[in-house]
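Some notes on the structure that comes next.
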Amino acid sequence: MMSTMSLQAPGTTRSAIRPSKPAVVCSRPRLTSCKVNAVRLPAQKAYLSGTKTISRTLSRSARHRACLSATCSADHPASPAPAAEKKENPLILGVLFMGWYGFNTFFNIYNKQVLKIFPYPVTCTTIQFAVGSVFALMLWTFGLLKKPEFNKDTAKSILPLAGVHTLGNLLTNVSLGRVAVSFTHTIKALEPFFSVLLSAIFLGDSPTVPIVLSLFPIVGGVAMASVTEATFNWGGFLSAMGSNITFQSRNVLSKKFMGKDTKGAVRLDNINLFSIITIMSFFLLAPFTLLVEGVKFTPSAMQAMGITNSSAIMQKTLLAGLCFHAYQQVSYMILQRVSPVTHSVGNCLKRVIVIVASVIVFQNPMSQKNMIGALSPLLC
């Protein structure tokens, strides 16, 4: 400080400028300054302590907002860190969003048409993973997607994500085979509720009051839709709920893995990560399929089940698998161009489109209360 510094002027003696004891040499203004500094020091400590507390609070609140916004994108194994919104070509974004909605809608329609006649959800899920695996290998082979580096440590770190990804998609297909497409997607609108719950349990994130209040219309809408659903059965309902819990557990695992530096593991971009998870999911589910359902996806097996037009079922099953992988890939392409919040809003609108399209295609009976209950969680 300027008041505690002395400058030696030319020609002055050393004894004239040498300070004695601070208590004696300090002039009255300096004594006042020392007192002010003595009072200011604890105030500064208190200020810094309060700043750290506020910083921790804001950081926790930011994690909650990111967690809630990411729940509408639960189909993804991991969410990138929030970034500033890029200025993208609106025409390209429009085409990508149309492709995302279109592929997802056709996947749900083809999948439901197959499961109504061919009631083997484990086999259908395995075929979807197989089609996605072939699609990913073709992208790498022809250089359309950069081939990722992959090693043993990376496989170990991804294996838990592949396991819950497999179970989540299997439970979704079980639900689609038992209840209407619109009802399955209404139940899956509970993803924010399970995201907040599991984050509080496993990550220690306590939800804020606005987040808790925002969950009431979601839970209430799903409850109203369930009570008034004409195709309701407990198998379809519990499978959809299990899918919610599984996908949100996957997101929690993703956050834990992203927060650690796994020794020897290679960092992957989201598209390659999803492709590898798809391949691993196929190898995880294929033995279970043979054990539980056996070989059912053959013309002779279908004819033995009384399915006359087996070629049409096979064609729609393969198309469902292609649409499944395509809408996931396009979804990641969008996520690389927009913020997670924009992506989650688009994902909620996608569910509305799927529900409306499925009601039109399958002519599902929906009362006014059922319609309000189905759409209220998605529009809140």
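Chains: A, B, ... in order of the structure tokens. Residues: from 1 per chain. Ligands: from 1, in order shown.
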DSSP on the backbone: what in segment 197-250 of chain A comes out helix (DSSP H, G or I), as a CSV table (one decimal) with C-alpha atoms, in the first residue's frame?
chain,number,residue,atom,x,y,z
A,197,LEU,CA,-35.0,-38.8,-8.5
A,198,LEU,CA,-32.0,-40.8,-9.6
A,199,SER,CA,-29.7,-37.8,-9.7
A,200,ALA,CA,-30.7,-37.0,-6.1
A,201,ILE,CA,-30.0,-40.6,-5.0
A,202,PHE,CA,-26.8,-41.3,-6.8
A,203,LEU,CA,-25.3,-37.9,-7.6
A,209,VAL,CA,-38.4,-25.9,-5.7
A,210,PRO,CA,-39.2,-24.8,-9.3
A,211,ILE,CA,-38.0,-28.2,-10.6
A,212,VAL,CA,-40.1,-30.1,-8.1
A,213,LEU,CA,-43.2,-28.0,-9.0
A,214,SER,CA,-42.6,-28.6,-12.7
A,215,LEU,CA,-42.9,-32.4,-12.1
A,216,PHE,CA,-46.5,-32.2,-10.7
A,217,PRO,CA,-48.3,-31.7,-14.1
A,218,ILE,CA,-46.1,-34.4,-15.7
A,219,VAL,CA,-47.0,-37.0,-13.0
A,220,GLY,CA,-50.6,-35.9,-13.0
A,221,GLY,CA,-50.9,-36.0,-16.8
A,222,VAL,CA,-49.5,-39.5,-16.9
A,223,ALA,CA,-51.8,-40.7,-14.1
A,224,MET,CA,-54.8,-39.3,-16.0
A,225,ALA,CA,-53.8,-40.9,-19.2
A,226,SER,CA,-53.2,-44.2,-17.5
A,227,VAL,CA,-56.6,-44.3,-15.8
A,228,THR,CA,-58.5,-43.5,-19.1
A,234,TRP,CA,-49.9,-53.8,-16.3
A,235,GLY,CA,-47.3,-55.5,-18.4
A,236,GLY,CA,-47.1,-52.6,-20.9
A,237,PHE,CA,-47.3,-50.0,-18.2
A,238,LEU,CA,-44.5,-51.6,-16.0
A,239,SER,CA,-42.3,-52.2,-19.1
A,240,ALA,CA,-42.5,-48.5,-20.1
A,241,MET,CA,-41.8,-47.5,-16.5
A,242,GLY,CA,-38.8,-49.9,-16.4
A,243,SER,CA,-37.6,-48.3,-19.6
A,244,ASN,CA,-37.7,-44.9,-18.0
A,245,ILE,CA,-35.7,-46.0,-15.0
A,246,THR,CA,-33.2,-47.9,-17.2
A,247,PHE,CA,-32.5,-45.0,-19.5
A,248,GLN,CA,-32.2,-42.5,-16.7
A,249,SER,CA,-29.8,-44.9,-14.9
A,250,ARG,CA,-27.8,-44.9,-18.1
### Task
Kindly indicate which residue among A:Met371, A:Leu290, A:Ile158, A:Leu91 lies nearest to Asn272 of chain A, using only C-alpha atoms for the distances.
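Selected residue with least distance to Asn272 of chain A: A:Ile158.
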### Task
Name all residues at most 12 Å from segment 316-324 of chain A (count only C-alpha atoms; drop same-chain ones fewer than 3 positions away) and give them as a PyMOL selection string.
chain A and resi 75+99-121+123-136+169+173+278+297+309-313+327-331
### Task
Compare A:Ile277, A:Leu285, A:Leu349, A:Val292 by their minimum atom-to-atom distance to Ala155 of chain A, counting only C-alpha atoms, and give me the closest one.
A:Ile277
